[in-house]
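Participant: Please find one structure pasted underneath; my questions will follow.
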Amino acid sequence: MRIPADISDMIDRGALVAINHSGGKDSQAMTIRLIEAGIPRDQLLIVHATLGDVEWPGTISHIRKTTFGLPLVIARPRRSFFEMVRARGMFPSPRYRQCTSDQKRGPIERELRRYLAANPRFAGQIVSAMGMRAEESAARRSRPVVSLNARNSVAGRTWIDWLPIHGLTRREVFGAIAAAGQEPHWAYGRGMSRLSCSFCIMSSLADLQCAARLRPDLLATYMALEDEIGHTLRPDGTSLRETLSRLDAA
C-alpha cells in the first residue's frame with residue numbers, strides 16, 4: 001500500500017495512527033494493510049465505538065482476534081441508541097444521522113483526545129484512519145483521501161483524517177482478509193452485506209430481512225419503540241412490521 005507523503009511525514013515525526021474499527025470487513029482489511037505497510041506498531045491504536053445492544057454480538061471479540069495484538073480503546077456513547085431515539089422522539093435519518101454523530105464519531109473523537117493527552121510522546125499529532133471506500137457511494141467517492149480535521153486540530157493538536165483503502169473494491173477487501181489468514185465477522189457468512197447497527201437506517205431490504213431472521217428479539221424491541229414514539233426506522237415512513245410483512249409475502 002502506498003502511503004501518501006503527508007501521512008508518511010506525520011508517521012516519521014512520531015504521530016499516533018488511530019485505526020477506526022467497526023468490526024466490519026473494511027476496518028479489518030484496513031488494519032491488515034496498515035500492518036503490512038510497516039507502520040511502527042507502537043504508533044498504532046485501534047479504537048472502536050461500541051453500539052451496545054444494537055451492535056452485532058461478538059463484534060468486540062472479533063476485533064481483538066483480528067488486530068494483531070494492537071492496543072484497543074473502546075469508545076462508549078453518553079446514552080444508548082434507544083435512549084437517544086426516545087429523547088428526540090424520532091429515529092435518525094440519512095439526512096440527520098444523529099446515530100453517527102452521537103454513537104460513533106463523538107465518542108471516538110473524545111477518547112482519542114483523551115489518549116493523546118495521556119500520551120505526550122505523540123506531541124498532539126494524530127492520523128485518524130477510516131475504512132471508507134469510493135465504491136460504497138457517491139458521497140464517499142468524493143471524499144478526499146487525506147484531509148485536515150480542523151474541528152479537532154486545536155489546543156496544540158494536529159489531526160489528519162486518512163482513508164487508506166479508499167480505492168479498494170469489495171472483492172479486494174475480502175481478498176485482503178483471506179490472504180492474511182483471517183475470516184470476516186460471522187454476520188457476513190449469515191447473509192449480511194454490511195456491518196453497522198444490526199438494524200440500520202441505511203440497510204438494504206435484503207439486509208433488513210436478514211437481520212430480522214438473525215436477531216428476532218432485537219427486532220421486537222425496535223417494533224415496540226416504533227409503536228411507542230409513532231416514528232419509524234425506515235426513511236420511507238413504513239414500519240418495520242409492515243416492511244417485513246411485505247418482504248415475506250413477496
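Convention: chains lettered A, B, ... in C-alpha cells order; per-chain residue numbering from 1; ligands numbered from 1 as shown.
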Taking the DSSP assignment computed from this structure's backbone, write out as a PyMOL selection string all residues of range 64-227 of chain A that belong to alpha helix (DSSP H).

Facilitator: chain A and resi 64-66+81-88+98+106-118+138-141+170-179+186-189+205-214+216-227

Participant: Would you pick out the contacts of Ala212 in chain A at 12 Å or less, using only C-alpha atoms, so that residues sharing its chain but fewer than 3 positions from it are not included, and give the list as a ChimeraX atom specification?

Facilitator: /A:190-192,198-200,203,205-209,215-223,240-241,243-245,247-248

Participant: Please measure the separation of CA of Arg157 in chain A and CA of Gln125 in chain A, giving the value in Å to one decimal.

Facilitator: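 Separation of CA of Arg157 in chain A and CA of Gln125 in chain A: 5.8 Å.
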
Participant: Run DSSP on the backbone and give me the residues of range 22-66 of chain A it puts in strand (DSSP E), as a list in words.

Facilitator: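 After running DSSP on the backbone, range 22-66 of chain A has strand (DSSP E) at Leu44, Leu45, Ile46, Val47, His48 and Ala49 of chain A.
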
Participant: Kindly assemble as a Markdown table a list of the range 188-212 of chain A residues that lie within 12 Å of range 170-175 of chain A, each paired with its nearest atom pair and their distance in Å to one decimal, using only C-alpha atoms, sorted first by chain and then by ascending residue number.

Facilitator:
```
| residue | atom | partner | partner_atom | distance |
| --- | --- | --- | --- | --- |
| A:Tyr188 | CA | A:Phe174 | CA | 10.6 |
| A:Gly189 | CA | A:Phe174 | CA | 11.9 |
| A:Ser193 | CA | A:Arg170 | CA | 10.2 |
| A:Arg194 | CA | A:Arg170 | CA | 10.6 |
```

Participant: Would you mind exporting all heavy atoms of the selected residues as a CSV table (one decimal), in the first residue's frame?

Facilitator:
```csv
chain,number,residue,atom,x,y,z
A,188,TYR,N,-21.4,-11.7,8.1
A,188,TYR,CA,-21.3,-11.7,6.7
A,188,TYR,C,-21.7,-13.1,6.2
A,188,TYR,O,-22.4,-13.3,5.2
A,188,TYR,CB,-19.9,-11.3,6.2
A,188,TYR,CG,-19.6,-9.9,6.4
A,188,TYR,CD1,-18.7,-9.5,7.4
A,188,TYR,CD2,-20.2,-8.9,5.7
A,188,TYR,CE1,-18.4,-8.2,7.6
A,188,TYR,CE2,-19.9,-7.5,5.9
A,188,TYR,CZ,-19.0,-7.2,6.9
A,188,TYR,OH,-18.7,-5.9,7.1
A,189,GLY,N,-21.1,-14.1,6.8
A,189,GLY,CA,-21.4,-15.5,6.4
A,189,GLY,C,-22.9,-15.9,6.6
A,189,GLY,O,-23.3,-16.9,6.0
A,193,SER,N,-24.7,-7.9,4.2
A,193,SER,CA,-23.7,-7.3,3.2
A,193,SER,C,-22.9,-6.2,3.9
A,193,SER,O,-21.8,-5.9,3.3
A,193,SER,CB,-24.5,-6.7,2.0
A,193,SER,OG,-25.2,-5.5,2.4
A,194,ARG,N,-23.3,-5.7,5.0
A,194,ARG,CA,-22.5,-4.7,5.7
A,194,ARG,C,-22.7,-4.8,7.2
A,194,ARG,O,-23.7,-5.5,7.6
A,194,ARG,CB,-22.9,-3.3,5.2
A,194,ARG,CG,-24.3,-2.9,5.5
A,194,ARG,CD,-24.8,-1.6,4.8
A,194,ARG,NE,-23.9,-0.5,5.1
A,194,ARG,CZ,-24.3,0.4,6.1
A,194,ARG,NH1,-25.4,0.2,6.8
A,194,ARG,NH2,-23.5,1.4,6.4
```

Participant: For range 45-62 of chain A, find every residue with an atom within 8 Å (counting only C-alpha atoms), except residues of its own chain fewer than 2 positions away, and show them as a PyMOL selection string.

Facilitator: chain A and resi 16-23+43+64-67+70-77+80-81+103-105+107-108+185+187+195-199+218

Participant: Leu116 in chain A: which residues within 10 Å, counting only C-alpha atoms, same-chain residues fewer than 5 positions away excluded, as a list in words?

Facilitator: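 Answer for this query is Ala15, Leu16, Glu111, Arg121, Phe122, Ala123, Gly124, Gln125, Ile126 and Arg157 of chain A.
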
Participant: Determine, counting only C-alpha atoms, which protein, DNA and RNA residues have an atom within 12 Å of an atom of range 143-154 of chain A; residues of the same chain fewer than 2 positions away are not included. Present the result as a PDB file with N, CA and C atoms, in the first residue's frame.

Facilitator:
```
ATOM      1  N   ARG A   2       0.544   2.191  -0.884  1.00  0.00           N
ATOM      2  CA  ARG A   2       1.293   3.438  -0.952  1.00  0.00           C
ATOM      3  C   ARG A   2       0.749   4.405   0.086  1.00  0.00           C
ATOM      4  N   ILE A   3       1.617   4.874   0.956  1.00  0.00           N
ATOM      5  CA  ILE A   3       1.225   5.838   1.975  1.00  0.00           C
ATOM      6  C   ILE A   3       1.476   7.243   1.438  1.00  0.00           C
ATOM      7  N   PRO A   4       0.462   8.117   1.435  1.00  0.00           N
ATOM      8  CA  PRO A   4       0.663   9.486   0.942  1.00  0.00           C
ATOM      9  C   PRO A   4       1.788  10.192   1.693  1.00  0.00           C
ATOM     10  N   ALA A   5       2.476  11.082   1.001  1.00  0.00           N
ATOM     11  CA  ALA A   5       3.638  11.762   1.581  1.00  0.00           C
ATOM     12  C   ALA A   5       3.282  12.511   2.858  1.00  0.00           C
ATOM     13  N   ASP A   6       2.136  13.169   2.892  1.00  0.00           N
ATOM     14  CA  ASP A   6       1.730  13.915   4.090  1.00  0.00           C
ATOM     15  C   ASP A   6       1.592  12.990   5.292  1.00  0.00           C
ATOM     16  N   ILE A   7       1.062  11.781   5.035  1.00  0.00           N
ATOM     17  CA  ILE A   7       0.883  10.815   6.124  1.00  0.00           C
ATOM     18  C   ILE A   7       2.228  10.231   6.547  1.00  0.00           C
ATOM     19  N   SER A   8       3.088   9.936   5.567  1.00  0.00           N
ATOM     20  CA  SER A   8       4.430   9.417   5.884  1.00  0.00           C
ATOM     21  C   SER A   8       5.200  10.404   6.753  1.00  0.00           C
ATOM     22  N   MET A  10       3.954  12.599   8.826  1.00  0.00           N
ATOM     23  CA  MET A  10       3.378  12.549  10.172  1.00  0.00           C
ATOM     24  C   MET A  10       3.880  11.329  10.943  1.00  0.00           C
ATOM     25  N   ARG A 105     -18.927   8.957  15.950  1.00  0.00           N
ATOM     26  CA  ARG A 105     -17.886   9.976  15.780  1.00  0.00           C
ATOM     27  C   ARG A 105     -17.573  10.715  17.084  1.00  0.00           C
ATOM     28  N   GLY A 106     -18.594  11.192  17.778  1.00  0.00           N
ATOM     29  CA  GLY A 106     -18.370  11.938  19.010  1.00  0.00           C
ATOM     30  C   GLY A 106     -17.607  11.151  20.061  1.00  0.00           C
ATOM     31  N   ILE A 108     -15.693   8.478  19.691  1.00  0.00           N
ATOM     32  CA  ILE A 108     -14.340   8.164  19.224  1.00  0.00           C
ATOM     33  C   ILE A 108     -13.434   9.377  19.361  1.00  0.00           C
ATOM     34  N   GLU A 109     -13.900  10.523  18.903  1.00  0.00           N
ATOM     35  CA  GLU A 109     -13.064  11.726  18.990  1.00  0.00           C
ATOM     36  C   GLU A 109     -12.751  12.072  20.445  1.00  0.00           C
ATOM     37  N   ARG A 110     -13.714  11.907  21.322  1.00  0.00           N
ATOM     38  CA  ARG A 110     -13.485  12.188  22.746  1.00  0.00           C
ATOM     39  C   ARG A 110     -12.402  11.274  23.319  1.00  0.00           C
ATOM     40  N   LEU A 112     -10.033   9.659  21.650  1.00  0.00           N
ATOM     41  CA  LEU A 112      -8.731   9.926  21.038  1.00  0.00           C
ATOM     42  C   LEU A 112      -8.103  11.194  21.610  1.00  0.00           C
ATOM     43  N   ARG A 113      -8.899  12.197  21.907  1.00  0.00           N
ATOM     44  CA  ARG A 113      -8.353  13.398  22.561  1.00  0.00           C
ATOM     45  C   ARG A 113      -7.784  13.041  23.925  1.00  0.00           C
ATOM     46  N   LEU A 116      -4.444  11.097  23.439  1.00  0.00           N
ATOM     47  CA  LEU A 116      -3.337  11.994  23.105  1.00  0.00           C
ATOM     48  C   LEU A 116      -2.861  12.765  24.330  1.00  0.00           C
ATOM     49  N   GLY A 124       0.760  15.490  20.356  1.00  0.00           N
ATOM     50  CA  GLY A 124      -0.505  16.005  19.849  1.00  0.00           C
ATOM     51  C   GLY A 124      -0.756  15.744  18.373  1.00  0.00           C
ATOM     52  N   GLN A 125       0.024  14.854  17.777  1.00  0.00           N
ATOM     53  CA  GLN A 125      -0.125  14.565  16.343  1.00  0.00           C
ATOM     54  C   GLN A 125      -0.882  13.253  16.158  1.00  0.00           C
ATOM     55  N   ILE A 126      -1.925  13.280  15.347  1.00  0.00           N
ATOM     56  CA  ILE A 126      -2.723  12.077  15.144  1.00  0.00           C
ATOM     57  C   ILE A 126      -3.177  11.966  13.702  1.00  0.00           C
ATOM     58  N   VAL A 127      -3.103  10.743  13.193  1.00  0.00           N
ATOM     59  CA  VAL A 127      -3.689  10.387  11.904  1.00  0.00           C
ATOM     60  C   VAL A 127      -4.853   9.454  12.209  1.00  0.00           C
ATOM     61  N   SER A 128      -6.051   9.879  11.866  1.00  0.00           N
ATOM     62  CA  SER A 128      -7.246   9.074  12.112  1.00  0.00           C
ATOM     63  C   SER A 128      -7.592   8.323  10.833  1.00  0.00           C
ATOM     64  N   ALA A 129      -7.353   7.004  10.837  1.00  0.00           N
ATOM     65  CA  ALA A 129      -7.550   6.178   9.648  1.00  0.00           C
ATOM     66  C   ALA A 129      -8.947   5.572   9.660  1.00  0.00           C
ATOM     67  N   MET A 130      -9.676   5.761   8.561  1.00  0.00           N
ATOM     68  CA  MET A 130     -11.049   5.269   8.450  1.00  0.00           C
ATOM     69  C   MET A 130     -11.211   4.439   7.188  1.00  0.00           C
ATOM     70  N   GLY A 131     -12.024   3.399   7.262  1.00  0.00           N
ATOM     71  CA  GLY A 131     -12.156   2.443   6.167  1.00  0.00           C
ATOM     72  C   GLY A 131     -13.233   2.769   5.150  1.00  0.00           C
ATOM     73  N   MET A 132     -13.433   4.030   4.836  1.00  0.00           N
ATOM     74  CA  MET A 132     -14.422   4.410   3.825  1.00  0.00           C
ATOM     75  C   MET A 132     -13.864   4.145   2.432  1.00  0.00           C
ATOM     76  N   ARG A 133     -14.734   3.613   1.550  1.00  0.00           N
ATOM     77  CA  ARG A 133     -14.295   3.262   0.200  1.00  0.00           C
ATOM     78  C   ARG A 133     -15.126   3.994  -0.846  1.00  0.00           C
ATOM     79  N   ALA A 134     -14.488   4.359  -1.937  1.00  0.00           N
ATOM     80  CA  ALA A 134     -15.155   5.105  -3.012  1.00  0.00           C
ATOM     81  C   ALA A 134     -16.289   4.307  -3.633  1.00  0.00           C
ATOM     82  N   GLU A 135     -16.153   2.990  -3.664  1.00  0.00           N
ATOM     83  CA  GLU A 135     -17.133   2.127  -4.299  1.00  0.00           C
ATOM     84  C   GLU A 135     -18.486   2.146  -3.581  1.00  0.00           C
ATOM     85  N   GLU A 136     -18.490   2.560  -2.311  1.00  0.00           N
ATOM     86  CA  GLU A 136     -19.700   2.426  -1.498  1.00  0.00           C
ATOM     87  C   GLU A 136     -20.798   3.411  -1.864  1.00  0.00           C
ATOM     88  N   SER A 137     -20.439   4.639  -2.216  1.00  0.00           N
ATOM     89  CA  SER A 137     -21.456   5.645  -2.506  1.00  0.00           C
ATOM     90  C   SER A 137     -20.815   6.845  -3.196  1.00  0.00           C
ATOM     91  N   ALA A 138     -21.655   7.670  -3.802  1.00  0.00           N
ATOM     92  CA  ALA A 138     -21.158   8.885  -4.446  1.00  0.00           C
ATOM     93  C   ALA A 138     -20.544   9.832  -3.427  1.00  0.00           C
ATOM     94  N   ALA A 139     -21.154   9.904  -2.239  1.00  0.00           N
ATOM     95  CA  ALA A 139     -20.639  10.792  -1.199  1.00  0.00           C
ATOM     96  C   ALA A 139     -19.244  10.363  -0.756  1.00  0.00           C
ATOM     97  N   ARG A 140     -19.052   9.061  -0.594  1.00  0.00           N
ATOM     98  CA  ARG A 140     -17.727   8.584  -0.171  1.00  0.00           C
ATOM     99  C   ARG A 140     -16.719   8.659  -1.304  1.00  0.00           C
ATOM    100  N   ARG A 141     -17.181   8.520  -2.530  1.00  0.00           N
ATOM    101  CA  ARG A 141     -16.274   8.636  -3.680  1.00  0.00           C
ATOM    102  C   ARG A 141     -15.685  10.037  -3.763  1.00  0.00           C
ATOM    103  N   GLY A 156      -3.214  22.702  20.398  1.00  0.00           N
ATOM    104  CA  GLY A 156      -1.911  22.096  20.182  1.00  0.00           C
ATOM    105  C   GLY A 156      -1.933  20.780  19.426  1.00  0.00           C
ATOM    106  N   ARG A 157      -3.100  20.368  18.934  1.00  0.00           N
ATOM    107  CA  ARG A 157      -3.209  19.114  18.188  1.00  0.00           C
ATOM    108  C   ARG A 157      -3.133  19.360  16.683  1.00  0.00           C
ATOM    109  N   THR A 158      -2.545  18.385  15.983  1.00  0.00           N
ATOM    110  CA  THR A 158      -2.642  18.321  14.523  1.00  0.00           C
ATOM    111  C   THR A 158      -3.334  17.006  14.199  1.00  0.00           C
ATOM    112  N   TRP A 159      -4.517  17.100  13.623  1.00  0.00           N
ATOM    113  CA  TRP A 159      -5.377  15.929  13.417  1.00  0.00           C
ATOM    114  C   TRP A 159      -5.666  15.794  11.927  1.00  0.00           C
ATOM    115  N   ILE A 160      -5.183  14.693  11.341  1.00  0.00           N
ATOM    116  CA  ILE A 160      -5.371  14.436   9.918  1.00  0.00           C
ATOM    117  C   ILE A 160      -6.264  13.211   9.748  1.00  0.00           C
ATOM    118  N   ASP A 161      -7.287  13.316   8.899  1.00  0.00           N
ATOM    119  CA  ASP A 161      -8.124  12.177   8.542  1.00  0.00           C
ATOM    120  C   ASP A 161      -7.570  11.525   7.278  1.00  0.00           C
ATOM    121  N   TRP A 162      -7.545  10.190   7.283  1.00  0.00           N
ATOM    122  CA  TRP A 162      -6.950   9.442   6.170  1.00  0.00           C
ATOM    123  C   TRP A 162      -7.848   8.261   5.822  1.00  0.00           C
ATOM    124  N   LEU A 163      -8.043   8.033   4.529  1.00  0.00           N
ATOM    125  CA  LEU A 163      -8.833   6.906   4.028  1.00  0.00           C
ATOM    126  C   LEU A 163      -7.903   5.941   3.294  1.00  0.00           C
ATOM    127  N   PRO A 164      -7.235   5.042   4.015  1.00  0.00           N
ATOM    128  CA  PRO A 164      -6.177   4.217   3.406  1.00  0.00           C
ATOM    129  C   PRO A 164      -6.666   3.248   2.339  1.00  0.00           C
ATOM    130  N   ILE A 165      -7.932   2.786   2.416  1.00  0.00           N
ATOM    131  CA  ILE A 165      -8.404   1.797   1.434  1.00  0.00           C
ATOM    132  C   ILE A 165      -9.498   2.399   0.550  1.00  0.00           C
ATOM    133  N   HIS A 166      -9.447   3.692   0.348  1.00  0.00           N
ATOM    134  CA  HIS A 166     -10.479   4.388  -0.421  1.00  0.00           C
ATOM    135  C   HIS A 166     -10.683   3.777  -1.803  1.00  0.00           C
ATOM    136  N   GLY A 167      -9.621   3.303  -2.429  1.00  0.00           N
ATOM    137  CA  GLY A 167      -9.709   2.782  -3.788  1.00  0.00           C
ATOM    138  C   GLY A 167      -9.961   1.291  -3.901  1.00  0.00           C
TER     139      GLY A 167
END
```

Participant: Report the distance between CA of Ile39 in chain A and CA of Lys25 in chain A in Å, rounded to one decimal place.

Facilitator: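 Separation between CA of Ile39 in chain A and CA of Lys25 in chain A: 20.5 Å.
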
Participant: To one decimal in Å, tell me the separation between CA of Ile63 in chain A and CA of Ala117 in chain A.

Facilitator: 24.6 Å

Participant: Looking at A:Thr100, A:Gly181, A:Arg79, A:Pro120, which one is nearest to Ile32 in chain A, with distances taken over only C-alpha atoms?

Facilitator: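 Closest candidate: A:Gly181.
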
Participant: Calculated over only C-alpha atoms, which of the candidates A:Arg234, A:Ala250, A:Arg33, A:Arg13 has the smallest distance to Ser204 in chain A?

Facilitator: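 With only C-alpha atoms as the atom set, the closest residue is A:Arg234.
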
Participant: If you count only C-alpha atoms, which residues fall within 6 Å of range 91-95 of chain A, apart from same-chain ones fewer than 3 positions away, as a PyMOL selection string?

Facilitator: chain A and resi 85+98+233
